[in-house]
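Visitor: Sharing run16.txt (compact mmCIF, C-alpha atoms) below.
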```txt
# COMPACT_ATOMS: atom_id res chain seq x y z
CA MET A 5 24.57 -18.97 45.92
CA THR A 6 24.38 -17.60 42.36
CA ALA A 7 23.43 -19.87 39.48
CA ALA A 8 25.99 -20.67 36.76
CA MET A 9 24.61 -19.20 33.54
CA LEU A 10 25.20 -19.32 29.79
CA LYS A 11 24.29 -16.58 27.32
CA LEU A 12 22.43 -17.95 24.30
CA GLU A 13 24.00 -15.95 21.50
CA ASN A 14 21.56 -17.40 18.96
CA ARG A 15 18.48 -16.01 20.74
CA ALA A 16 16.83 -12.58 20.65
CA VAL A 17 13.82 -10.90 22.26
CA LEU A 18 10.74 -9.16 20.90
CA ARG A 19 8.30 -7.24 23.09
CA LEU A 20 4.61 -7.16 22.24
CA SER A 21 2.50 -4.54 23.98
CA GLY A 22 -0.97 -3.09 23.61
CA SER A 23 -4.51 -3.94 24.63
CA GLU A 24 -4.94 -6.66 21.98
CA THR A 25 -1.59 -8.40 22.40
CA LYS A 26 -2.87 -11.69 23.80
CA THR A 27 -5.84 -12.00 21.46
CA PHE A 28 -3.59 -11.16 18.51
CA LEU A 29 -1.12 -13.94 19.30
CA GLN A 30 -3.89 -16.33 20.34
CA GLY A 31 -5.20 -16.45 16.78
CA LEU A 32 -1.76 -17.11 15.33
CA VAL A 33 0.35 -19.51 17.40
CA THR A 34 -0.10 -23.18 18.29
CA ASN A 35 -0.50 -22.83 22.06
CA ASP A 36 -2.94 -21.15 24.45
CA VAL A 37 -1.52 -17.66 25.00
CA MET A 38 -4.19 -16.92 27.61
CA LYS A 39 -2.28 -19.22 29.98
CA VAL A 40 0.92 -17.15 29.88
CA THR A 41 1.89 -15.49 33.18
CA ALA A 42 5.05 -14.09 34.73
CA ASP A 43 5.55 -17.49 36.39
CA ALA A 44 4.49 -19.76 33.52
CA ALA A 45 6.08 -19.37 30.10
CA LEU A 46 4.67 -21.04 27.01
CA TYR A 47 6.30 -22.81 24.08
CA ALA A 48 4.58 -22.27 20.73
CA GLY A 49 5.03 -22.31 16.98
CA LEU A 50 3.92 -20.05 14.18
CA LEU A 51 3.10 -22.22 11.17
CA THR A 52 2.24 -21.98 7.52
CA PRO A 53 -1.46 -22.41 6.65
CA GLN A 54 -0.49 -25.99 5.70
CA GLY A 55 0.68 -26.69 9.27
CA LYS A 56 4.43 -26.57 8.60
CA PHE A 57 7.03 -24.98 10.83
CA LEU A 58 7.94 -21.33 10.29
CA PHE A 59 9.06 -20.08 13.72
CA ASP A 60 9.10 -21.34 17.29
CA MET A 61 9.21 -19.20 20.40
CA MET A 62 8.91 -19.06 24.14
CA ILE A 63 6.37 -16.54 25.42
CA VAL A 64 6.49 -15.05 28.91
CA ALA A 65 4.66 -12.15 30.54
CA ASP A 66 6.48 -8.99 31.64
CA GLY A 67 3.77 -6.96 33.31
CA ASP A 68 1.07 -6.42 30.70
CA ASP A 69 3.53 -7.05 27.87
CA LEU A 70 4.60 -10.33 26.33
CA LEU A 71 8.24 -11.14 25.65
CA LEU A 72 9.07 -13.54 22.81
CA ASP A 73 12.29 -15.55 23.19
CA ILE A 74 13.14 -16.29 19.52
CA GLU A 75 15.89 -17.22 17.06
CA ALA A 76 18.12 -14.20 16.55
CA GLU A 77 19.02 -15.06 12.96
CA ARG A 78 15.38 -15.19 11.88
CA LYS A 79 14.14 -12.23 13.92
CA PRO A 80 13.63 -9.90 10.90
CA ASP A 81 11.54 -12.58 9.14
CA LEU A 82 9.37 -13.08 12.23
CA MET A 83 8.86 -9.34 12.69
CA ARG A 84 7.73 -9.01 9.07
CA ARG A 85 5.35 -11.95 9.48
CA LEU A 86 3.82 -10.53 12.66
CA MET A 87 3.41 -7.11 11.04
CA MET A 88 1.65 -8.76 8.11
CA TYR A 89 -0.91 -10.31 10.46
CA LYS A 90 -1.25 -7.29 12.77
CA LEU A 91 -3.34 -5.08 10.47
CA ARG A 92 -5.10 -2.57 12.78
CA ALA A 93 -4.82 -4.52 16.01
CA ASP A 94 -3.68 -2.51 19.05
CA VAL A 95 -0.31 -4.25 19.23
CA THR A 96 3.17 -2.74 19.19
CA ILE A 97 6.07 -5.01 18.19
CA ALA A 98 9.44 -3.83 19.52
CA ASP A 99 12.90 -5.26 18.94
CA GLU A 100 14.49 -5.40 22.40
CA THR A 101 18.13 -5.23 21.34
CA ASP A 102 19.31 -4.46 24.87
CA LEU A 103 17.88 -7.72 26.23
CA SER A 104 19.63 -11.09 26.13
CA VAL A 105 18.56 -14.66 26.85
CA TRP A 106 20.49 -16.70 29.41
CA VAL A 107 20.06 -20.28 30.66
CA SER A 108 20.84 -22.02 33.93
CA PHE A 109 20.13 -25.37 35.55
CA ALA A 110 19.21 -23.55 38.79
CA LYS A 111 16.76 -20.70 39.37
CA PRO A 112 18.49 -17.36 38.68
CA SER A 113 18.61 -14.88 41.53
CA CYS A 114 19.58 -11.79 39.51
CA GLY A 115 17.17 -9.26 38.06
CA GLY A 116 15.18 -9.83 34.90
CA VAL A 117 12.35 -12.07 33.75
CA ALA A 118 13.11 -15.66 34.81
CA TYR A 119 11.05 -18.68 33.79
CA GLN A 120 11.38 -22.45 33.65
CA ASP A 121 11.89 -23.86 30.18
CA PRO A 122 8.35 -24.93 29.21
CA ARG A 123 9.58 -27.68 26.89
CA HIS A 124 11.26 -29.88 29.49
CA GLU A 125 11.88 -29.27 33.20
CA GLU A 126 15.38 -30.75 33.02
CA LEU A 127 16.45 -27.91 30.69
CA GLY A 128 16.26 -25.64 33.72
CA TRP A 129 15.61 -21.91 33.70
CA ARG A 130 15.84 -19.11 31.20
CA LEU A 131 16.43 -15.44 32.02
CA ILE A 132 15.73 -12.38 29.90
CA THR A 133 17.77 -9.45 31.17
CA SER A 134 19.80 -6.41 30.11
CA LYS A 135 22.48 -7.21 32.68
CA THR A 136 25.30 -9.75 32.80
CA PRO A 137 24.78 -12.30 35.61
CA ASP A 138 27.51 -12.69 38.24
CA ASP A 139 28.27 -16.33 37.34
CA THR A 140 28.67 -17.01 33.61
CA THR A 141 30.49 -20.33 33.95
CA LEU A 142 27.86 -22.70 32.55
CA SER A 143 29.53 -24.21 29.48
CA ALA A 144 27.83 -24.33 26.11
CA ALA A 145 28.93 -27.96 25.72
CA LYS A 146 27.23 -29.01 28.96
CA TYR A 147 23.98 -27.30 28.04
CA GLU A 148 24.05 -28.67 24.49
CA ALA A 149 24.65 -32.20 25.76
CA LYS A 150 21.63 -31.94 28.04
CA ARG A 151 19.43 -30.58 25.24
CA LEU A 152 20.43 -33.33 22.85
CA THR A 153 20.04 -36.08 25.44
CA LEU A 154 16.50 -34.86 26.14
CA GLY A 155 15.69 -34.69 22.43
CA VAL A 156 14.76 -31.00 22.43
CA PRO A 157 15.20 -29.34 19.01
CA ASP A 158 16.77 -25.89 18.70
CA GLY A 159 14.73 -23.89 16.22
CA GLY A 160 15.82 -23.88 12.60
CA ARG A 161 19.02 -25.76 13.44
CA ASP A 162 16.88 -28.88 13.82
CA MET A 163 13.54 -27.98 12.23
CA GLU A 164 13.55 -27.31 8.50
CA VAL A 165 11.49 -24.22 7.71
CA GLU A 166 8.34 -24.90 5.64
CA LYS A 167 9.26 -28.59 5.45
CA TYR A 168 8.47 -30.23 8.79
CA PHE A 169 4.92 -30.41 10.08
CA TRP A 170 4.63 -29.04 13.62
CA LEU A 171 3.87 -32.43 15.16
CA GLU A 172 6.93 -33.85 13.37
CA THR A 173 9.09 -31.56 15.55
CA ASP A 174 7.86 -33.50 18.62
CA ALA A 175 5.97 -30.38 19.66
CA GLU A 176 3.24 -32.31 21.46
CA ARG A 177 5.72 -33.95 23.86
CA LEU A 178 7.42 -30.58 24.35
CA ASN A 179 4.18 -28.82 25.39
CA GLY A 180 4.10 -26.79 22.20
CA VAL A 181 0.53 -27.28 21.03
CA SER A 182 -3.00 -26.99 22.38
CA PHE A 183 -5.80 -28.99 20.78
CA THR A 184 -8.48 -27.19 22.80
CA LYS A 185 -7.66 -23.47 22.37
CA GLY A 186 -9.42 -23.03 19.05
CA CYS A 187 -8.11 -21.75 15.74
CA PHE A 188 -4.54 -20.85 14.87
CA VAL A 189 -2.64 -20.69 11.59
CA GLY A 190 -2.21 -24.29 10.40
CA GLN A 191 -4.61 -25.64 13.04
CA GLU A 192 -6.76 -27.75 10.71
CA LEU A 193 -3.99 -29.92 9.37
CA THR A 194 -2.27 -30.15 12.77
CA ALA A 195 -5.48 -31.42 14.38
CA ARG A 196 -6.12 -33.84 11.53
CA MET A 197 -2.62 -35.28 11.88
CA LYS A 198 -3.17 -35.72 15.62
CA HIS A 199 -6.58 -37.37 15.44
CA ARG A 200 -5.95 -39.54 12.39
CA THR A 201 -2.55 -40.70 13.70
CA THR A 202 -0.86 -40.02 10.35
CA LEU A 203 2.49 -39.08 11.88
CA LYS A 204 5.16 -41.05 9.99
CA LYS A 205 8.31 -39.03 10.76
CA LYS A 206 9.47 -36.85 13.62
CA LEU A 207 12.50 -35.49 15.42
CA VAL A 208 13.94 -37.94 17.96
CA ALA A 209 17.00 -38.23 20.19
CA VAL A 210 19.62 -40.74 19.05
CA LYS A 211 22.99 -41.88 20.37
CA ALA A 212 26.07 -43.24 18.61
CA GLU A 213 28.02 -46.21 19.92
CA GLY A 214 31.77 -46.36 19.30
CA GLY A 215 31.95 -43.54 16.80
CA SER A 216 31.03 -39.94 16.07
CA LEU A 217 28.07 -38.34 14.33
CA THR A 218 28.02 -35.26 12.10
CA PRO A 219 25.10 -33.10 10.89
CA GLY A 220 23.58 -34.23 7.62
CA GLN A 221 24.52 -37.90 7.93
CA THR A 222 21.94 -40.40 6.75
CA LEU A 223 20.64 -43.03 9.16
CA LEU A 224 20.57 -46.39 7.41
CA THR A 225 18.95 -49.75 8.12
CA PRO A 226 20.98 -52.98 7.69
CA ASP A 227 19.60 -53.35 4.16
CA GLY A 228 20.52 -49.78 3.22
CA LYS A 229 17.15 -48.07 3.54
CA ASN A 230 17.09 -44.39 4.45
CA ALA A 231 15.70 -44.14 8.01
CA GLY A 232 16.39 -40.47 8.64
CA GLU A 233 18.91 -37.68 8.89
CA ILE A 234 21.15 -36.37 11.68
CA ARG A 235 20.43 -32.73 12.50
CA THR A 236 22.39 -31.16 15.40
CA THR A 237 24.88 -33.28 17.33
CA ASP A 238 27.74 -33.11 19.82
CA GLY A 239 29.29 -36.20 18.24
CA THR A 240 27.70 -38.78 20.54
CA HIS A 241 24.13 -37.52 21.05
CA ALA A 242 22.03 -36.04 18.28
CA ILE A 243 18.62 -34.93 17.09
CA ALA A 244 17.52 -36.91 14.04
CA TYR A 245 14.59 -36.51 11.65
CA PHE A 246 13.46 -40.12 11.78
CA ARG A 247 11.07 -42.43 9.93
CA LEU A 248 9.03 -44.02 12.71
CA GLU A 249 8.52 -47.28 10.80
CA PHE A 250 12.17 -48.12 11.58
CA GLY A 251 11.84 -47.70 15.34
CA ASP A 252 12.68 -51.35 16.06
CA THR A 253 15.41 -51.64 13.43
CA SER A 254 19.21 -51.61 13.85
CA LEU A 255 20.59 -48.32 12.56
CA ASN A 256 23.94 -46.94 11.51
CA ALA A 257 25.44 -43.70 10.17
CA ASP A 258 28.41 -44.36 7.90
CA GLY A 259 28.91 -47.65 9.70
CA VAL A 260 28.67 -46.22 13.23
CA PRO A 261 25.96 -48.02 15.22
CA VAL A 262 23.16 -45.66 16.30
CA HIS A 263 20.15 -46.29 18.53
CA LEU A 264 17.18 -44.28 19.70
CA ALA A 265 18.03 -42.60 23.00
```
Would you give me this structure, written as structure tokens?
Guide:
Amino acid sequence: MTAAMLKLENRAVLRLSGSETKTFLQGLVTNDVMKVTADAALYAGLLTPQGKFLFDMMIVADGDDLLLDIEAERKPDLMRRLMMYKLRADVTIADETDLSVWVSFAKPSCGGVAYQDPRHEELGWRLITSKTPDDTTLSAAKYEAKRLTLGVPDGGRDMEVEKYFWLETDAERLNGVSFTKGCFVGQELTARMKHRTTLKKKLVAVKAEGGSLTPGQTLLTPDGKNAGEIRTTDGTHAIAYFRLEFGDTSLNADGVPVHLA
């Protein structure tokens, strides 16, 4: 039986090849690139030196090369950033315009590079391929509802560039950071935030009761304090940038009751 699949139109693929590919990325991104294999993809971020979000990516091996599953809209910015860091390293960065990213809740059986979503097992499988799978009936609404219910952010749609610290994106829960791998860009502040427990805000899953949510709405406490902001939503479920001090407080968005999911 073939798996029902959905093409992620907002994703693109870069290929990194060369003898220094892994060591090059290892010094840049938030996770341990040495653990990437053809069977085990990795979720990671590339941060500012101050530890704030610039790009996120999924990294999977394709032979000796690494494929980066990234945001299509911000691909040129990421390529420029990687080239800036590359200097004389033996790394070639190629834009794989013939490859697409697909998702499925079952393991794909068609050709390509298939890997489980490293952020959350319930998000299923991803496939990088140049072909169109036989079954393309997975609906975008069904996949989006699952993502939002699980509280998994979708790149810059949910994470504000150069504004959110990496741990504020819930990256630790989503297997997006290693505190043992050694240095990476923004590592010092990320580690300090982890060990000094200074996290005051982060992305969380929320749910509306008896009404509909829209992006940009403010979450309010009963006495009118700003508790956060709705990011992406399907109307009922949403990702919100939330002030953790209000975790036990009743919330609303324009009068619609909202609770942490």
Visitor: Thr52 in chain A: which residues within 9 Å, counting only C-alpha atoms, same-chain residues fewer than 2 positions away excluded, as a PyMOL selection string?
Guide: chain A and resi 50+54-58+166+189-190
Visitor: Measuring between only C-alpha atoms, which one of A:Leu207, A:Ile97, A:Leu20, A:Met197 shows the shortest distance to Arg161 in chain A?
Guide: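 Counting only C-alpha atoms, the residue closest to Arg161 in chain A is A:Leu207.
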Visitor: A:Thr6, A:Ser113, A:Thr201, A:Gln221: which is nearest Asp139 in chain A, counting all atoms listed in the file?
Guide: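 Going through A:Thr6, A:Ser113, A:Thr201, A:Gln221 one by one, the smallest distance to Asp139 in chain A is for A:Thr6.
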Visitor: Using only C-alpha atoms, tabulate the residues of range 67-132 of chain A lying at most 9 Å from any atom of range 7-14 of chain A, each with its closest atom pair and that distance in Å to one decimal, by chain and increasing residue number, as JSON lines.
Guide:
```
{"residue": "A:Ile74", "atom": "CA", "partner": "A:Asn14", "partner_atom": "CA", "distance": 8.5}
{"residue": "A:Glu75", "atom": "CA", "partner": "A:Asn14", "partner_atom": "CA", "distance": 6.0}
{"residue": "A:Ala76", "atom": "CA", "partner": "A:Asn14", "partner_atom": "CA", "distance": 5.3}
{"residue": "A:Glu77", "atom": "CA", "partner": "A:Asn14", "partner_atom": "CA", "distance": 6.9}
{"residue": "A:Ser104", "atom": "CA", "partner": "A:Lys11", "partner_atom": "CA", "distance": 7.3}
{"residue": "A:Val105", "atom": "CA", "partner": "A:Leu12", "partner_atom": "CA", "distance": 5.7}
{"residue": "A:Trp106", "atom": "CA", "partner": "A:Lys11", "partner_atom": "CA", "distance": 4.3}
{"residue": "A:Val107", "atom": "CA", "partner": "A:Leu10", "partner_atom": "CA", "distance": 5.3}
{"residue": "A:Ser108", "atom": "CA", "partner": "A:Met9", "partner_atom": "CA", "distance": 4.7}
{"residue": "A:Phe109", "atom": "CA", "partner": "A:Ala7", "partner_atom": "CA", "distance": 7.5}
{"residue": "A:Ala110", "atom": "CA", "partner": "A:Ala7", "partner_atom": "CA", "distance": 5.6}
{"residue": "A:Lys111", "atom": "CA", "partner": "A:Ala7", "partner_atom": "CA", "distance": 6.7}
{"residue": "A:Pro112", "atom": "CA", "partner": "A:Ala7", "partner_atom": "CA", "distance": 5.6}
{"residue": "A:Ser113", "atom": "CA", "partner": "A:Ala7", "partner_atom": "CA", "distance": 7.2}
{"residue": "A:Cys114", "atom": "CA", "partner": "A:Ala7", "partner_atom": "CA", "distance": 9.0}
```
Visitor: If you count only C-alpha atoms, which residues fall within 9 Å of Ala257 in chain A, apart from same-chain ones fewer than 6 positions away, as JSON, numbers by chain?
Guide: {"A": [212, 216, 217, 221, 222, 223, 224, 233, 234]}
Visitor: For range 247-252 of chain A, work out the shell of residues within 10 Å, counting all atoms listed in the file and skipping chain neighbours fewer than 6 positions away, then give it as a short mmCIF file (atom, residue, chain, number, x, y, z; two decimals) with C-alpha atoms, keeping the file's coordinate frame.
Guide:
```cif
data_model
loop_
_atom_site.label_atom_id
_atom_site.label_comp_id
_atom_site.auth_asym_id
_atom_site.auth_seq_id
_atom_site.Cartn_x
_atom_site.Cartn_y
_atom_site.Cartn_z
CA LEU A 203 2.49 -39.08 11.88
CA LYS A 204 5.16 -41.05 9.99
CA LYS A 205 8.31 -39.03 10.76
CA LYS A 206 9.47 -36.85 13.62
CA LEU A 207 12.50 -35.49 15.42
CA VAL A 208 13.94 -37.94 17.96
CA LEU A 223 20.64 -43.03 9.16
CA LEU A 224 20.57 -46.39 7.41
CA THR A 225 18.95 -49.75 8.12
CA LYS A 229 17.15 -48.07 3.54
CA ASN A 230 17.09 -44.39 4.45
CA ALA A 231 15.70 -44.14 8.01
CA GLY A 232 16.39 -40.47 8.64
CA GLU A 233 18.91 -37.68 8.89
CA HIS A 263 20.15 -46.29 18.53
CA LEU A 264 17.18 -44.28 19.70
#
```
Visitor: Under the rule that all atoms listed in the file are counted, which of A:Val210, A:Cys187, A:Met38, A:Leu171 is the nearest residue to Leu154 in chain A?
Guide: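 Checking each of A:Val210, A:Cys187, A:Met38, A:Leu171 against Leu154 in chain A, counting all atoms listed in the file, the winner is A:Val210.
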Visitor: Taking 2 positions as the minimum chain separation for residues in the same chain, which residues sit within 10 Å of Gly155 in chain A when counting all atoms listed in the file? Answer as a list of chain:residue names.
Guide: A:His124, A:Ala149, A:Lys150, A:Arg151, A:Leu152, A:Thr153, A:Pro157, A:Asp158, A:Asp174, A:Leu178, A:Leu207, A:Val208, A:Ala209, A:Val210, A:His241, A:Ala242, A:Ile243, A:Ala244, A:Ala265
Visitor: Rounded to one decimal place, report the CA of Leu71 in chain A-CA of Arg235 in chain A distance in Å.
Guide: 28.1 Å
Visitor: Which residue is closest to Ala65 in chain A? Choose from A:Met87, A:Val33, A:Leu82, A:Ala44 and count only C-alpha atoms.
Guide: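 Using only C-alpha atoms, Ala65 in chain A sits closest to A:Ala44.
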Visitor: So how far away is CA of Leu86 in chain A from CA of Ser21 in chain A, in Å?
Guide: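 Between these atoms lies a distance of 12.9 Å.
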Visitor: For Asp102 in chain A, find every residue with an atom within 10 Å (counting only C-alpha atoms), except residues of its own chain fewer than 5 positions away, and show them as an NGL selection string.
Guide: :A and (16-17 or 133-135)
Visitor: Which residue is closest to Tyr245 in chain A? Choose from A:Gly186, A:Gly67, A:Gly228, A:Gly220 and count all atoms listed in the file.
Guide: A:Gly220
Visitor: Enclose all atoms of range 245-257 of chain A listed in the file in an axis-aligned box, grow every side by 8 Å, and hand back centre and edge lengths in Å to one decimal, as lines of an AutoDock Vina configuration file.
Guide:
```
center_x = 17.0
center_y = -44.1
center_z = 13.0
size_x = 32.9
size_y = 31.1
size_z = 22.1
```
Visitor: Using only C-alpha atoms, which of the listed residues (A:Leu127, A:Ala118, A:Gln191, A:Thr184) sits closest to Lys146 in chain A?
Guide: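 The closest residue to Lys146 in chain A is A:Leu127.
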Visitor: What is the CA of Glu100 in chain A-CA of Thr236 in chain A distance in Å, reported with one decimal?
Guide: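 Computing the Euclidean distance for CA of Glu100 in chain A and CA of Thr236 in chain A yields 27.8 Å.
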Visitor: Just need range 248-259 of chain A in a file, please: all heavy atoms, as a PDB file, in the first residue's frame.
Guide:
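As written to disk, result_13.pdb reads:
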```pdb
ATOM      1  N   LEU A 248       5.522  32.693  29.975  1.00  0.00           N
ATOM      2  CA  LEU A 248       5.335  31.515  30.821  1.00  0.00           C
ATOM      3  C   LEU A 248       4.773  31.849  32.198  1.00  0.00           C
ATOM      4  O   LEU A 248       4.183  30.982  32.856  1.00  0.00           O
ATOM      5  CB  LEU A 248       6.660  30.762  30.948  1.00  0.00           C
ATOM      6  CG  LEU A 248       7.224  30.220  29.624  1.00  0.00           C
ATOM      7  CD1 LEU A 248       8.587  29.580  29.851  1.00  0.00           C
ATOM      8  CD2 LEU A 248       6.272  29.240  28.974  1.00  0.00           C
ATOM      9  N   GLU A 249       4.923  33.075  32.650  1.00  0.00           N
ATOM     10  CA  GLU A 249       4.392  33.452  33.972  1.00  0.00           C
ATOM     11  C   GLU A 249       2.874  33.342  34.031  1.00  0.00           C
ATOM     12  O   GLU A 249       2.291  33.275  35.116  1.00  0.00           O
ATOM     13  CB  GLU A 249       4.818  34.877  34.321  1.00  0.00           C
ATOM     14  CG  GLU A 249       4.226  35.933  33.400  1.00  0.00           C
ATOM     15  CD  GLU A 249       4.768  37.319  33.669  1.00  0.00           C
ATOM     16  OE1 GLU A 249       4.313  37.938  34.673  1.00  0.00           O
ATOM     17  OE2 GLU A 249       5.625  37.793  32.891  1.00  0.00           O
ATOM     18  N   PHE A 250       2.213  33.304  32.860  1.00  0.00           N
ATOM     19  CA  PHE A 250       0.752  33.238  32.822  1.00  0.00           C
ATOM     20  C   PHE A 250       0.244  31.822  32.524  1.00  0.00           C
ATOM     21  O   PHE A 250      -0.894  31.651  32.077  1.00  0.00           O
ATOM     22  CB  PHE A 250       0.210  34.215  31.780  1.00  0.00           C
ATOM     23  CG  PHE A 250       0.532  35.658  32.074  1.00  0.00           C
ATOM     24  CD1 PHE A 250       1.309  36.408  31.203  1.00  0.00           C
ATOM     25  CD2 PHE A 250       0.068  36.265  33.239  1.00  0.00           C
ATOM     26  CE1 PHE A 250       1.618  37.728  31.470  1.00  0.00           C
ATOM     27  CE2 PHE A 250       0.364  37.595  33.512  1.00  0.00           C
ATOM     28  CZ  PHE A 250       1.139  38.323  32.637  1.00  0.00           C
ATOM     29  N   GLY A 251       1.065  30.834  32.786  1.00  0.00           N
ATOM     30  CA  GLY A 251       0.710  29.451  32.468  1.00  0.00           C
ATOM     31  C   GLY A 251      -0.505  28.931  33.199  1.00  0.00           C
ATOM     32  O   GLY A 251      -1.196  28.033  32.709  1.00  0.00           O
ATOM     33  N   ASP A 252      -0.803  29.454  34.379  1.00  0.00           N
ATOM     34  CA  ASP A 252      -1.959  28.995  35.160  1.00  0.00           C
ATOM     35  C   ASP A 252      -3.109  30.009  35.159  1.00  0.00           C
ATOM     36  O   ASP A 252      -4.000  29.951  36.004  1.00  0.00           O
ATOM     37  CB  ASP A 252      -1.535  28.721  36.613  1.00  0.00           C
ATOM     38  CG  ASP A 252      -0.526  27.596  36.710  1.00  0.00           C
ATOM     39  OD1 ASP A 252      -0.658  26.624  35.942  1.00  0.00           O
ATOM     40  OD2 ASP A 252       0.390  27.699  37.547  1.00  0.00           O
ATOM     41  N   THR A 253      -3.076  30.930  34.190  1.00  0.00           N
ATOM     42  CA  THR A 253      -4.055  32.006  34.143  1.00  0.00           C
ATOM     43  C   THR A 253      -5.074  31.771  33.036  1.00  0.00           C
ATOM     44  O   THR A 253      -4.737  31.231  31.988  1.00  0.00           O
ATOM     45  CB  THR A 253      -3.347  33.352  33.894  1.00  0.00           C
ATOM     46  OG1 THR A 253      -2.308  33.530  34.858  1.00  0.00           O
ATOM     47  CG2 THR A 253      -4.315  34.520  33.980  1.00  0.00           C
ATOM     48  N   SER A 254      -6.315  32.172  33.246  1.00  0.00           N
ATOM     49  CA  SER A 254      -7.324  32.139  32.184  1.00  0.00           C
ATOM     50  C   SER A 254      -6.910  33.108  31.078  1.00  0.00           C
ATOM     51  O   SER A 254      -6.446  34.218  31.359  1.00  0.00           O
ATOM     52  CB  SER A 254      -8.696  32.527  32.723  1.00  0.00           C
ATOM     53  OG  SER A 254      -9.136  31.616  33.709  1.00  0.00           O
ATOM     54  N   LEU A 255      -7.103  32.685  29.837  1.00  0.00           N
ATOM     55  CA  LEU A 255      -6.663  33.490  28.704  1.00  0.00           C
ATOM     56  C   LEU A 255      -7.809  33.690  27.723  1.00  0.00           C
ATOM     57  O   LEU A 255      -8.738  32.884  27.651  1.00  0.00           O
ATOM     58  CB  LEU A 255      -5.500  32.813  27.982  1.00  0.00           C
ATOM     59  CG  LEU A 255      -4.263  32.474  28.816  1.00  0.00           C
ATOM     60  CD1 LEU A 255      -3.344  31.553  28.039  1.00  0.00           C
ATOM     61  CD2 LEU A 255      -3.527  33.756  29.216  1.00  0.00           C
ATOM     62  N   ASN A 256      -7.703  34.765  26.947  1.00  0.00           N
ATOM     63  CA  ASN A 256      -8.657  34.967  25.864  1.00  0.00           C
ATOM     64  C   ASN A 256      -7.993  35.746  24.746  1.00  0.00           C
ATOM     65  O   ASN A 256      -6.998  36.453  24.952  1.00  0.00           O
ATOM     66  CB  ASN A 256      -9.916  35.689  26.354  1.00  0.00           C
ATOM     67  CG  ASN A 256      -9.678  37.176  26.569  1.00  0.00           C
ATOM     68  OD1 ASN A 256      -9.821  37.996  25.647  1.00  0.00           O
ATOM     69  ND2 ASN A 256      -9.288  37.549  27.801  1.00  0.00           N
ATOM     70  N   ALA A 257      -8.543  35.607  23.534  1.00  0.00           N
ATOM     71  CA  ALA A 257      -8.108  36.382  22.376  1.00  0.00           C
ATOM     72  C   ALA A 257      -9.344  37.046  21.783  1.00  0.00           C
ATOM     73  O   ALA A 257     -10.221  36.359  21.244  1.00  0.00           O
ATOM     74  CB  ALA A 257      -7.434  35.477  21.340  1.00  0.00           C
ATOM     75  N   ASP A 258      -9.440  38.348  21.955  1.00  0.00           N
ATOM     76  CA  ASP A 258     -10.646  39.088  21.530  1.00  0.00           C
ATOM     77  C   ASP A 258     -11.913  38.453  22.094  1.00  0.00           C
ATOM     78  O   ASP A 258     -12.933  38.330  21.403  1.00  0.00           O
ATOM     79  CB  ASP A 258     -10.729  39.147  20.001  1.00  0.00           C
ATOM     80  CG  ASP A 258      -9.603  39.986  19.398  1.00  0.00           C
ATOM     81  OD1 ASP A 258      -9.177  40.956  20.053  1.00  0.00           O
ATOM     82  OD2 ASP A 258      -9.156  39.674  18.289  1.00  0.00           O
ATOM     83  N   GLY A 259     -11.836  38.050  23.341  1.00  0.00           N
ATOM     84  CA  GLY A 259     -12.994  37.498  24.043  1.00  0.00           C
ATOM     85  C   GLY A 259     -13.190  36.006  23.876  1.00  0.00           C
ATOM     86  O   GLY A 259     -14.017  35.417  24.583  1.00  0.00           O
TER      87      GLY A 259
END
```
